[in-house]
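**Q** Enclosed is the structure file coords_22.cif (mmCIF, C-alpha atoms and all ligand atoms).
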```
data_run
#
loop_
_atom_site.label_atom_id
_atom_site.label_comp_id
_atom_site.auth_asym_id
_atom_site.auth_seq_id
_atom_site.Cartn_x
_atom_site.Cartn_y
_atom_site.Cartn_z
CA MET A 95 -28.48 -20.99 11.34
CA ASN A 96 -26.42 -17.96 12.32
CA ASN A 97 -28.41 -14.96 13.67
CA LEU A 98 -26.23 -12.54 11.76
CA THR A 99 -27.39 -14.00 8.47
CA ASP A 100 -31.10 -14.38 9.29
CA HIS A 101 -32.05 -11.18 7.53
CA ILE A 102 -30.27 -12.02 4.26
CA THR A 103 -32.89 -12.99 1.70
CA ASP A 104 -30.57 -13.72 -1.24
CA GLY A 105 -29.57 -17.39 -0.95
CA ARG A 106 -26.13 -17.03 -2.52
CA LEU A 107 -25.23 -14.06 -0.32
CA LYS A 108 -26.43 -15.94 2.74
CA LEU A 109 -24.12 -18.88 1.93
CA ILE A 110 -21.15 -16.57 1.37
CA ALA A 111 -21.84 -14.73 4.63
CA GLU A 112 -21.99 -18.06 6.49
CA LYS A 113 -18.67 -19.11 4.99
CA VAL A 114 -17.03 -15.88 6.11
CA ILE A 115 -18.51 -16.18 9.60
CA ASP A 116 -17.26 -19.78 9.81
CA GLY A 117 -13.75 -18.71 8.78
CA LYS A 118 -13.88 -20.44 5.39
CA ARG A 119 -12.20 -19.10 2.29
CA ILE A 120 -14.45 -17.56 -0.38
CA LEU A 121 -14.07 -18.29 -4.09
CA PRO A 122 -13.39 -15.68 -6.77
CA GLU A 123 -17.00 -15.87 -8.00
CA GLU A 124 -18.19 -15.34 -4.42
CA GLY A 125 -15.96 -12.28 -4.09
CA LEU A 126 -17.61 -10.96 -7.22
CA ILE A 127 -21.06 -11.52 -5.77
CA LEU A 128 -20.03 -9.57 -2.68
CA PHE A 129 -18.90 -6.66 -4.86
CA ARG A 130 -22.04 -6.74 -6.98
CA GLU A 131 -24.81 -7.69 -4.57
CA ALA A 132 -23.92 -7.18 -0.92
CA ASP A 133 -25.13 -4.04 0.79
CA LEU A 134 -22.70 -1.85 2.69
CA PRO A 135 -23.79 -2.83 6.22
CA LEU A 136 -23.37 -6.55 5.45
CA LEU A 137 -19.90 -5.92 4.00
CA GLY A 138 -18.99 -3.90 7.10
CA ILE A 139 -20.15 -6.67 9.44
CA LEU A 140 -18.32 -9.43 7.55
CA ALA A 141 -15.12 -7.41 7.12
CA GLY A 142 -15.26 -6.54 10.84
CA ILE A 143 -15.45 -10.24 11.71
CA VAL A 144 -12.38 -11.00 9.59
CA LYS A 145 -10.50 -7.96 10.95
CA ARG A 146 -11.17 -8.96 14.56
CA ARG A 147 -9.86 -12.48 13.89
CA PHE A 148 -6.49 -10.97 13.04
CA THR A 149 -6.19 -7.95 15.30
CA GLY A 150 -9.07 -7.92 17.78
CA ASN A 151 -10.09 -4.37 18.67
CA ARG A 152 -6.63 -2.93 17.99
CA VAL A 153 -5.78 -0.47 15.23
CA PHE A 154 -2.15 0.16 14.38
CA PHE A 155 -0.14 3.21 13.43
CA ASN A 156 3.54 4.10 13.39
CA HIS A 157 5.82 7.11 13.58
CA ASN A 158 7.16 7.40 10.07
CA PHE A 159 8.29 9.80 7.40
CA HIS A 160 8.71 9.59 3.65
CA ILE A 161 11.50 10.54 1.31
CA GLU A 162 10.72 11.01 -2.37
CA PRO A 163 14.23 11.29 -3.84
CA THR A 164 13.17 12.24 -7.36
CA ASN A 165 10.11 12.69 -9.52
CA LYS A 166 12.05 12.21 -12.75
CA CYS A 167 10.90 8.92 -14.19
CA VAL A 168 11.57 6.85 -17.30
CA TYR A 169 7.91 5.81 -17.36
CA ASN A 170 4.81 7.76 -18.30
CA CYS A 171 1.95 6.09 -16.45
CA ARG A 172 -1.32 7.71 -17.44
CA PHE A 173 -2.62 7.96 -13.86
CA CYS A 174 0.53 9.58 -12.48
CA SER A 175 0.50 13.22 -11.38
CA TYR A 176 3.97 13.08 -9.96
CA GLN A 177 6.34 12.26 -12.81
CA LYS A 178 8.08 15.21 -14.51
CA PRO A 179 10.53 15.14 -17.41
CA GLU A 180 14.14 16.27 -17.11
CA GLY A 181 14.32 20.08 -17.29
CA ASP A 182 10.77 20.65 -16.06
CA PRO A 183 10.75 23.44 -13.45
CA ASP A 184 8.66 21.21 -11.17
CA SER A 185 11.06 18.27 -11.29
CA TRP A 186 13.46 17.43 -8.47
CA ASP A 187 16.35 15.08 -7.94
CA PHE A 188 17.86 15.19 -4.45
CA SER A 189 21.50 14.27 -3.87
CA HIS A 190 22.48 11.81 -1.13
CA GLU A 191 23.53 14.77 1.02
CA GLN A 192 20.15 16.47 0.59
CA ILE A 193 18.40 13.21 1.46
CA LEU A 194 20.55 12.74 4.55
CA ASP A 195 19.67 16.29 5.55
CA ILE A 196 16.00 15.27 5.46
CA VAL A 197 16.80 12.24 7.63
CA LYS A 198 18.67 14.50 10.07
CA THR A 199 15.63 16.75 10.54
CA PHE A 200 14.10 13.74 12.34
CA ASP A 201 17.05 13.20 14.68
CA SER A 202 15.16 14.40 17.73
CA LYS A 203 11.84 12.81 16.73
CA PRO A 204 10.66 9.33 17.75
CA VAL A 205 10.26 8.00 14.18
CA THR A 206 10.84 4.28 13.61
CA GLU A 207 10.51 4.03 9.82
CA VAL A 208 11.52 5.84 6.66
CA HIS A 209 9.56 5.06 3.50
CA ILE A 210 11.59 5.85 0.38
CA VAL A 211 9.90 5.76 -3.01
CA GLY A 212 10.08 7.92 -6.10
CA GLY A 213 10.37 8.02 -9.85
CA VAL A 214 12.50 5.55 -11.80
CA HIS A 215 15.48 7.78 -12.51
CA PRO A 216 17.31 6.77 -15.70
CA ALA A 217 20.83 7.40 -14.42
CA TYR A 218 21.02 5.67 -11.06
CA ASP A 219 21.99 2.08 -10.46
CA ILE A 220 21.65 -0.36 -7.61
CA HIS A 221 24.86 0.83 -5.91
CA TYR A 222 23.76 4.48 -6.00
CA TRP A 223 20.55 3.53 -4.18
CA GLY A 224 22.25 0.92 -2.02
CA SER A 225 24.89 3.35 -0.78
CA LEU A 226 22.12 5.84 0.05
CA ILE A 227 20.53 3.18 2.21
CA SER A 228 23.78 2.38 3.98
CA LYS A 229 24.40 6.09 4.69
CA ILE A 230 20.94 6.35 6.28
CA ARG A 231 21.58 3.11 8.18
CA ASP A 232 24.93 4.46 9.47
CA HIS A 233 23.34 7.71 10.54
CA ARG A 234 20.41 6.13 12.41
CA PRO A 235 20.90 2.37 12.79
CA SER A 236 17.54 1.74 14.46
CA LEU A 237 15.47 3.23 11.63
CA HIS A 238 13.57 0.63 9.57
CA ILE A 239 14.24 1.34 5.89
CA LYS A 240 11.24 0.45 3.72
CA ALA A 241 12.29 1.39 0.23
CA PHE A 242 11.74 1.08 -3.52
CA SER A 243 8.67 -0.27 -5.23
CA ALA A 244 9.08 -3.41 -7.35
CA ILE A 245 9.16 -1.10 -10.39
CA GLU A 246 12.20 0.81 -9.14
CA LEU A 247 13.79 -2.49 -8.07
CA ASP A 248 13.22 -4.05 -11.49
CA TYR A 249 14.94 -1.11 -13.19
CA MET A 250 17.96 -0.89 -10.90
CA ILE A 251 18.47 -4.67 -10.81
CA ASN A 252 18.19 -4.91 -14.57
CA LYS A 253 20.66 -2.06 -14.99
CA ALA A 254 23.12 -3.94 -12.75
CA GLY A 255 22.72 -7.03 -14.96
CA CYS A 256 22.00 -9.35 -12.04
CA THR A 257 19.16 -11.69 -11.23
CA ILE A 258 16.31 -10.55 -9.04
CA GLU A 259 17.64 -12.61 -6.15
CA GLU A 260 21.18 -11.28 -6.51
CA GLY A 261 19.91 -7.70 -6.73
CA LEU A 262 17.71 -8.03 -3.66
CA ARG A 263 20.55 -9.64 -1.71
CA ILE A 264 22.82 -6.71 -2.63
CA LEU A 265 20.22 -4.24 -1.35
CA LYS A 266 19.61 -6.30 1.79
CA ASN A 267 23.34 -6.18 2.50
CA TYR A 268 23.26 -2.41 2.09
CA GLY A 269 20.53 -2.29 4.77
CA LEU A 270 17.16 -2.57 3.03
CA ASP A 271 14.62 -3.87 5.56
CA SER A 272 11.39 -4.16 3.61
CA ILE A 273 9.67 -3.27 0.35
CA PRO A 274 6.59 -1.03 0.04
CA GLY A 275 3.59 -2.11 -1.98
CA GLY A 276 3.68 0.37 -4.86
CA GLY A 277 3.69 -0.35 -8.55
CA ALA A 278 1.18 -3.20 -8.44
CA GLU A 279 -1.51 -0.94 -9.97
CA ILE A 280 -3.89 -3.49 -11.47
CA PHE A 281 -2.55 -6.89 -12.49
CA ASP A 282 -4.82 -7.52 -15.47
CA GLU A 283 -2.46 -7.41 -18.46
CA GLU A 284 -4.91 -5.65 -20.82
CA LEU A 285 -5.63 -2.87 -18.35
CA ARG A 286 -1.95 -2.51 -17.60
CA LYS A 287 -1.41 -1.89 -21.31
CA SER A 288 -3.93 0.95 -21.18
CA ILE A 289 -2.79 2.72 -18.04
CA CYS A 290 0.92 1.96 -17.63
CA VAL A 291 2.12 0.18 -20.75
CA GLU A 292 5.86 0.69 -20.18
CA LYS A 293 5.88 -0.45 -16.58
CA SER A 294 7.21 -3.81 -15.32
CA SER A 295 4.68 -6.59 -15.89
CA SER A 296 2.40 -8.01 -13.23
CA GLU A 297 4.34 -11.26 -13.45
CA LEU A 298 7.57 -9.42 -12.66
CA TRP A 299 5.97 -7.45 -9.79
CA LEU A 300 4.84 -10.73 -8.24
CA LYS A 301 8.19 -12.41 -8.90
CA ILE A 302 10.11 -9.61 -7.19
CA HIS A 303 7.92 -9.83 -4.10
CA GLU A 304 8.10 -13.62 -4.09
CA THR A 305 11.90 -13.51 -4.27
CA ALA A 306 12.06 -10.86 -1.55
CA HIS A 307 9.97 -13.05 0.74
CA LYS A 308 12.17 -16.04 -0.05
CA ILE A 309 15.28 -14.24 1.17
CA GLY A 310 13.60 -12.76 4.24
CA ILE A 311 12.56 -9.31 3.05
CA PRO A 312 8.90 -8.68 3.95
CA SER A 313 6.76 -6.46 1.77
CA ASN A 314 3.39 -4.81 1.26
CA ALA A 315 0.98 -4.96 -1.66
CA THR A 316 -1.32 -2.38 -3.20
CA ILE A 317 -4.07 -2.10 -5.77
CA LEU A 318 -4.86 1.05 -7.73
CA TYR A 319 -8.67 1.06 -8.04
CA GLY A 320 -11.44 3.36 -9.16
CA HIS A 321 -10.33 3.97 -12.75
CA ILE A 322 -11.10 1.76 -15.78
CA GLU A 323 -11.15 -1.54 -13.92
CA ASN A 324 -14.28 -3.53 -13.13
CA TYR A 325 -15.01 -5.83 -10.18
CA SER A 326 -13.64 -8.90 -12.00
CA HIS A 327 -10.32 -7.13 -12.43
CA ARG A 328 -10.21 -6.31 -8.72
CA ILE A 329 -10.97 -9.93 -7.77
CA ASP A 330 -8.32 -11.17 -10.21
CA HIS A 331 -5.82 -8.83 -8.51
CA LEU A 332 -6.78 -10.03 -5.03
CA GLU A 333 -6.67 -13.66 -6.15
CA ARG A 334 -3.10 -13.34 -7.48
CA LEU A 335 -2.02 -11.77 -4.19
CA ARG A 336 -3.82 -14.36 -2.06
CA LYS A 337 -2.13 -17.18 -4.04
CA LEU A 338 1.31 -15.69 -3.58
CA GLN A 339 0.71 -15.10 0.11
CA ASP A 340 -0.31 -18.77 0.49
CA LYS A 341 3.08 -19.64 -0.95
CA THR A 342 5.35 -17.19 0.90
CA ASN A 343 3.48 -15.58 3.80
CA GLY A 344 5.77 -12.59 3.26
CA PHE A 345 3.19 -9.81 2.85
CA ASN A 346 2.51 -7.74 5.94
CA CYS A 347 -0.17 -5.49 4.64
CA PHE A 348 -2.51 -4.71 1.76
CA ILE A 349 -3.18 -1.09 0.85
CA PRO A 350 -6.00 -0.19 -1.55
CA LEU A 351 -5.08 3.07 -3.31
CA LYS A 352 -7.95 5.08 -4.74
CA PHE A 353 -7.28 6.69 -8.12
CA LYS A 354 -7.05 10.47 -7.68
CA LYS A 355 -7.71 12.54 -10.73
CA ALA A 356 -5.84 15.85 -10.48
CA ASN A 357 -3.04 16.67 -12.91
CA ASN A 358 -2.93 13.43 -14.85
CA ASN A 359 -4.09 11.98 -18.17
CA MET A 360 -6.95 10.00 -16.67
CA ALA A 361 -8.68 12.95 -15.00
CA TYR A 362 -11.69 12.56 -17.34
CA LEU A 363 -12.66 9.41 -15.38
CA GLY A 364 -13.44 11.32 -12.21
CA GLU A 365 -13.19 9.56 -8.85
CA VAL A 366 -15.27 6.87 -7.19
CA SER A 367 -17.38 7.67 -4.12
CA ILE A 368 -16.49 7.03 -0.51
CA VAL A 369 -19.15 4.31 -0.48
CA GLU A 370 -17.17 2.55 -3.20
CA ASP A 371 -13.98 2.99 -1.15
CA LEU A 372 -15.63 1.34 1.85
CA ARG A 373 -17.01 -1.51 -0.26
CA ASN A 374 -13.55 -2.07 -1.70
CA TYR A 375 -11.87 -2.10 1.71
CA ALA A 376 -14.44 -4.55 3.03
CA VAL A 377 -14.33 -7.03 0.13
CA SER A 378 -10.52 -6.88 0.15
CA ARG A 379 -10.49 -7.66 3.88
CA ILE A 380 -12.87 -10.58 3.40
CA TYR A 381 -11.08 -11.96 0.35
CA LEU A 382 -7.49 -11.68 1.58
CA ASP A 383 -7.96 -14.14 4.41
CA ASN A 384 -4.20 -14.66 4.66
CA PHE A 385 -3.10 -11.01 4.90
CA PRO A 386 -2.68 -10.01 8.54
CA HIS A 387 -3.20 -6.27 7.95
CA LEU A 388 -5.12 -3.86 5.74
CA LYS A 389 -4.19 -0.21 5.63
CA ALA A 390 -6.21 2.94 4.94
CA TYR A 391 -3.67 5.39 3.61
CA TRP A 392 -5.03 8.63 5.01
CA PRO A 393 -2.86 11.04 2.95
CA MET A 394 -4.80 9.70 -0.04
CA ILE A 395 -8.40 9.40 1.16
CA GLY A 396 -8.31 11.92 3.99
CA LYS A 397 -8.35 11.51 7.76
CA GLU A 398 -12.12 11.26 8.19
CA ALA A 399 -12.53 8.65 5.45
CA ALA A 400 -9.65 6.63 6.90
CA GLN A 401 -11.37 6.75 10.28
CA LEU A 402 -14.60 5.48 8.71
CA ALA A 403 -12.65 2.70 6.97
CA LEU A 404 -11.85 1.25 10.41
CA SER A 405 -15.45 0.01 10.48
CA PHE A 406 -14.94 -1.77 7.14
CA GLY A 407 -12.07 -4.11 7.91
CA ILE A 408 -9.11 -1.73 8.19
CA ASP A 409 -6.71 -2.23 11.10
CA ASP A 410 -3.86 0.10 10.13
CA MET A 411 -3.84 3.90 9.73
CA ASP A 412 -0.26 4.15 8.38
CA GLY A 413 1.66 6.80 10.30
CA THR A 414 2.28 10.35 11.34
CA ILE A 415 4.00 11.19 7.97
CA ASP A 416 5.02 14.68 9.10
CA ASP A 417 4.32 16.39 5.80
CA THR A 418 6.89 14.41 3.84
CA THR A 419 4.97 13.06 0.87
CA ARG A 420 3.77 14.85 -2.25
CA ILE A 421 2.49 11.99 -4.43
CA TYR A 422 -1.12 12.39 -3.31
CA SER A 423 -1.34 16.13 -2.91
CA MET A 424 -0.08 16.39 -6.50
CA ALA A 425 -2.90 14.04 -7.53
CA GLY A 426 -5.51 16.18 -5.75
CA SER A 427 -5.82 14.79 -2.23
CA LYS A 428 -7.38 17.26 0.18
CA GLU A 429 -4.54 16.45 2.61
CA GLU A 430 -2.22 19.01 1.04
CA SER A 431 0.42 18.86 3.77
CA PRO A 432 -0.21 15.46 5.34
CA ALA A 433 0.88 15.34 8.97
CA MET A 434 -0.73 13.94 12.10
CA LYS A 435 0.35 14.22 15.71
CA THR A 436 0.21 11.04 17.80
CA GLY A 437 -2.68 12.51 19.78
CA GLU A 438 -4.77 13.11 16.68
CA ILE A 439 -4.21 9.67 15.16
CA CYS A 440 -5.05 8.05 18.55
CA ARG A 441 -8.19 10.18 18.88
CA LEU A 442 -9.42 9.14 15.41
CA ILE A 443 -8.88 5.47 16.30
CA ARG A 444 -10.53 5.75 19.73
CA GLU A 445 -13.53 7.67 18.38
CA ALA A 446 -14.14 4.79 15.97
CA GLY A 447 -14.25 2.39 18.91
CA PHE A 448 -10.79 0.80 18.68
CA VAL A 449 -7.60 0.75 20.75
CA PRO A 450 -4.67 2.67 19.20
CA VAL A 451 -1.48 0.64 19.10
CA GLU A 452 1.85 2.02 18.00
CA ARG A 453 3.68 -0.63 15.98
CA ASP A 454 7.05 -1.10 14.40
CA SER A 455 7.33 -1.78 10.66
CA ILE A 456 6.70 -5.50 11.03
CA TYR A 457 3.75 -5.03 13.36
CA ASN A 458 5.35 -5.73 16.71
CA THR A 459 3.54 -3.72 19.36
CA LEU A 460 5.61 -0.82 20.67
CA LYS A 461 3.01 0.84 22.85
CA GLU A 462 -0.73 0.75 23.54
CA TRP A 463 -1.84 4.35 23.69
O1 LIG B 1 2.23 2.64 -7.23
C1 LIG B 1 0.17 7.05 -8.28
C2 LIG B 1 -0.20 5.14 -6.68
C3 LIG B 1 1.54 4.27 -5.57
C4 LIG B 1 -1.80 7.94 -8.31
O2 LIG B 1 3.67 0.06 1.22
C5 LIG B 1 -1.78 6.88 -7.42
O3 LIG B 1 3.09 1.07 3.07
C6 LIG B 1 -3.97 7.26 -6.93
O4 LIG B 1 2.64 2.37 -3.10
N1 LIG B 1 -4.06 8.28 -7.80
C7 LIG B 1 2.74 4.61 -4.69
N2 LIG B 1 -2.85 6.54 -6.72
C8 LIG B 1 2.34 4.72 -3.22
C9 LIG B 1 2.41 3.40 -2.51
C10 LIG B 1 2.22 3.31 -1.04
C11 LIG B 1 1.57 4.33 -0.37
C12 LIG B 1 1.42 4.22 1.00
C13 LIG B 1 1.94 3.18 1.72
C14 LIG B 1 2.59 2.17 1.04
C15 LIG B 1 3.15 1.02 1.81
C16 LIG B 1 2.73 2.22 -0.34
O5 LIG B 1 0.71 5.40 -5.65
C17 LIG B 1 1.80 3.93 -7.00
C18 LIG B 1 0.42 4.11 -7.59
O6 LIG B 1 -0.35 2.95 -7.45
N3 LIG B 1 -0.56 6.36 -7.43
N4 LIG B 1 -0.59 8.04 -8.84
C19 LIG B 1 -3.01 8.64 -8.51
N5 LIG B 1 -3.13 9.64 -9.39
#
```
Take the structure in the file and give it back as structure tokens.

**A**
Amino acid sequence: MNNLTDHITDGRLKLIAEKVIDGKRILPEEGLILFREADLPLLGILAGIVKRRFTGNRVFFNHNFHIEPTNKCVYNCRFCSYQKPEGDPDSWDFSHEQILDIVKTFDSKPVTEVHIVGGVHPAYDIHYWGSLISKIRDHRPSLHIKAFSAIELDYMINKAGCTIEEGLRILKNYGLDSIPGGGAEIFDEELRKSICVEKSSSELWLKIHETAHKIGIPSNATILYGHIENYSHRIDHLERLRKLQDKTNGFNCFIPLKFKKANNNMAYLGEVSIVEDLRNYAVSRIYLDNFPHLKAYWPMIGKEAAQLALSFGIDDMDGTIDDTTRIYSMAGSKEESPAMKTGEICRLIREAGFVPVERDSIYNTLKEW
């Protein structure tokens, strides 16, 4: 009998807790029980055990910035606050030169990664985006280029008339280093029809990541939660990711993204509570026993909530950002101009009882702060 589980009176929960403590994989139905029945402290304890197995008492961050090249998009996802049609006064579409100018503003700063993601612009093909990457690569060869969600990749690869593997190889040759986790939303096909009917299918999202891993491009994964999904949908999403990771081991990190309600067609749903966020982080950490890292994306949930998430299985705070992303402020995040100095991010991590570690984009340690 394990002391940690002595106080658990529900027999099924006790068995699940013992499995997690013993490092055994939990089943989908057990994940569901955790979502439905486990109290927050138990979830925090179990997620903490799993987190420490991967990363001990360390919590990672990096020095990064984002580029959002355009918010013009061929899709109309109902949860999106970012997409604007052609001609809208709030739309933008930066040229390569304008994007390089953004990159140049970081010339004297110690950033190690640029994260490039935006709308699916109807006019641009794989070579337009590829040559942008090679220009950035030429300008700052050491910068890790994490770019294009599977949805953008699907569109540009399709437009080029090549296979997924050919398209990804072309982009790799241009200098693409890794793929961010966006566009996964929720894998359940019925829900996808309701919230983002035009978007690439779940099958295609998974196929693109699988192919990327096969040719040596690592990636991240996300879930969009807190809208019309239920716990079974979340477990189904986690299960599909866990299966793929068993096959490829190419995912670095899982990032739960909380639905934010401002300026979109799903605002009537409201937003889930921070308690629900913490429960979701914890169950995700416990369930994804083959994902080395889980990230709390602070520009979305806020700095304080991200700090709290460190006690619920999170080991990565994303990065310094430097006020370069709009996706979440447009959706109503209280971080209207998201930027954190190294000192602040380290303080948040230390105050939560962990050791701040600066990482590169594939989680090599650069410096213990
Ligand atoms: O796919 C869009 C989400 C994602 C809303 O890989 C929304 O390191 C909530 O993928 N409310 C893009 N979420 C962002 C993304 C990401 C972010 C941070 C780090 C990484 C990484 C990836 O943003 C979209 C969608 O799921 N999103 N609108 C909204 N209203």

**Q** Write out as a PyMOL selection string each polymer residue whose atoms come within 9 Å of Glu452 (chain A), counting all atoms listed in the file; drop sequence neighbours fewer than 2 positions from it.

**A** chain A and resi 153-157+450+454+457-463

**Q** Restricting the output to C-alpha atoms, write the selected residues as a compact mmCIF listing (two decimals), keeping the file's coordinate frame.

**A**
```txt
# COMPACT_ATOMS: atom_id res chain seq x y z
CA VAL A 153 -5.78 -0.47 15.23
CA PHE A 154 -2.15 0.16 14.38
CA PHE A 155 -0.14 3.21 13.43
CA ASN A 156 3.54 4.10 13.39
CA HIS A 157 5.82 7.11 13.58
CA PRO A 450 -4.67 2.67 19.20
CA ASP A 454 7.05 -1.10 14.40
CA TYR A 457 3.75 -5.03 13.36
CA ASN A 458 5.35 -5.73 16.71
CA THR A 459 3.54 -3.72 19.36
CA LEU A 460 5.61 -0.82 20.67
CA LYS A 461 3.01 0.84 22.85
CA GLU A 462 -0.73 0.75 23.54
CA TRP A 463 -1.84 4.35 23.69
```

**Q** Counting all atoms listed in the file, which residue out of A:Lys428, A:Lys113, A:Arg106, A:Lys118 sits closest to Lys354 (chain A)?

**A**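 Closest candidate: A:Lys428.
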
**Q** I'd like the contact shell of region 365-373 of chain A - 9 Å cut-off, only C-alpha atoms, skipping same-chain residues fewer than 5 positions apart - returned as a list of chain:residue names.

**A** A:Leu128, A:Phe129, A:Ala132, A:Asp133, A:Leu134, A:Leu137, A:Gly138, A:Tyr319, A:Gly320, A:His321, A:Pro350, A:Lys352, A:Phe353, A:Lys354, A:Lys355, A:Ser378, A:Ile395, A:Ala399, A:Leu402, A:Ala403, A:Ser405, A:Phe406, A:Gly407

**Q** In terms of the shortest atom-to-atom distance over only C-alpha atoms and all ligand atoms, which of A:Asp340, A:Glu207, A:Glu333, A:Glu430 is closest to ligand LIG 1 (chain B)?

**A**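 Under the stated criterion, the closest residue is A:Glu207.
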
**Q** Give me the residues near region 261-272 of chain A as a ChimeraX atom specification, where near means some atom within 7 Å (using only C-alpha atoms) and where sequence neighbours in that chain fewer than 4 positions away do not count.

**A** /A:224-225,227-228,231,238-241,251,256-257,306,311-313

**Q** Using all atoms listed in the file, what are the residues with an atom within 6 Å of ligand LIG 1 (chain B), set out as a PyMOL selection string?

**A** chain A and resi 173-175+274-277+279+314+318+351-355+391+425

**Q** Please list as a short mmCIF file (atom, residue, chain, number, x, y, z; two decimals) with C-alpha atoms, in the frame of the given file every residue within 9 Å of Phe148 (chain A), counting only C-alpha atoms and excluding residues in the same chain fewer than 2 positions away.

**A**
```
data_model
loop_
_atom_site.label_atom_id
_atom_site.label_comp_id
_atom_site.auth_asym_id
_atom_site.auth_seq_id
_atom_site.Cartn_x
_atom_site.Cartn_y
_atom_site.Cartn_z
CA VAL A 144 -12.38 -11.00 9.59
CA LYS A 145 -10.50 -7.96 10.95
CA ARG A 146 -11.17 -8.96 14.56
CA GLY A 150 -9.07 -7.92 17.78
CA PHE A 385 -3.10 -11.01 4.90
CA PRO A 386 -2.68 -10.01 8.54
CA HIS A 387 -3.20 -6.27 7.95
CA ASP A 409 -6.71 -2.23 11.10
#
```

**Q** Could you get me a file of region 311-316 of chain A with all heavy atoms, as an mmCIF file, in the first residue's frame, taken from the block above?

**A**
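Result file follows (decode.cif):
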```
data_model
loop_
_atom_site.group_PDB
_atom_site.id
_atom_site.type_symbol
_atom_site.label_atom_id
_atom_site.label_comp_id
_atom_site.auth_asym_id
_atom_site.auth_seq_id
_atom_site.Cartn_x
_atom_site.Cartn_y
_atom_site.Cartn_z
ATOM 1 N N ILE A 311 11.925 16.025 -38.614
ATOM 2 C CA ILE A 311 11.462 17.356 -38.169
ATOM 3 C C ILE A 311 10.624 17.151 -36.903
ATOM 4 O O ILE A 311 9.547 16.559 -36.963
ATOM 5 C CB ILE A 311 10.588 18.046 -39.249
ATOM 6 C CG1 ILE A 311 11.336 18.164 -40.573
ATOM 7 C CG2 ILE A 311 10.112 19.409 -38.767
ATOM 8 C CD1 ILE A 311 10.473 18.738 -41.717
ATOM 9 N N PRO A 312 11.102 17.624 -35.749
ATOM 10 C CA PRO A 312 10.293 17.464 -34.535
ATOM 11 C C PRO A 312 9.129 18.442 -34.522
ATOM 12 O O PRO A 312 9.123 19.428 -35.271
ATOM 13 C CB PRO A 312 11.283 17.780 -33.408
ATOM 14 C CG PRO A 312 12.334 18.624 -34.027
ATOM 15 C CD PRO A 312 12.371 18.312 -35.505
ATOM 16 N N SER A 313 8.143 18.170 -33.672
ATOM 17 C CA SER A 313 6.989 19.078 -33.642
ATOM 18 C C SER A 313 6.380 19.113 -32.253
ATOM 19 O O SER A 313 6.754 18.351 -31.371
ATOM 20 C CB SER A 313 5.955 18.637 -34.674
ATOM 21 O OG SER A 313 5.324 17.445 -34.255
ATOM 22 N N ASN A 314 5.409 19.998 -32.103
ATOM 23 C CA ASN A 314 4.599 20.087 -30.891
ATOM 24 C C ASN A 314 3.167 19.711 -31.221
ATOM 25 O O ASN A 314 2.793 19.628 -32.395
ATOM 26 C CB ASN A 314 4.619 21.515 -30.341
ATOM 27 C CG ASN A 314 5.977 21.902 -29.791
ATOM 28 O OD1 ASN A 314 6.771 21.037 -29.435
ATOM 29 N ND2 ASN A 314 6.246 23.192 -29.746
ATOM 30 N N ALA A 315 2.376 19.535 -30.176
ATOM 31 C CA ALA A 315 0.944 19.254 -30.365
ATOM 32 C C ALA A 315 0.142 20.131 -29.420
ATOM 33 O O ALA A 315 0.637 20.516 -28.353
ATOM 34 C CB ALA A 315 0.670 17.775 -30.074
ATOM 35 N N THR A 316 -1.073 20.453 -29.830
ATOM 36 C CA THR A 316 -1.956 21.262 -28.976
ATOM 37 C C THR A 316 -3.326 20.603 -28.877
ATOM 38 O O THR A 316 -3.649 19.677 -29.630
ATOM 39 C CB THR A 316 -2.167 22.681 -29.571
ATOM 40 O OG1 THR A 316 -2.696 22.541 -30.901
ATOM 41 C CG2 THR A 316 -0.887 23.483 -29.612
#
```
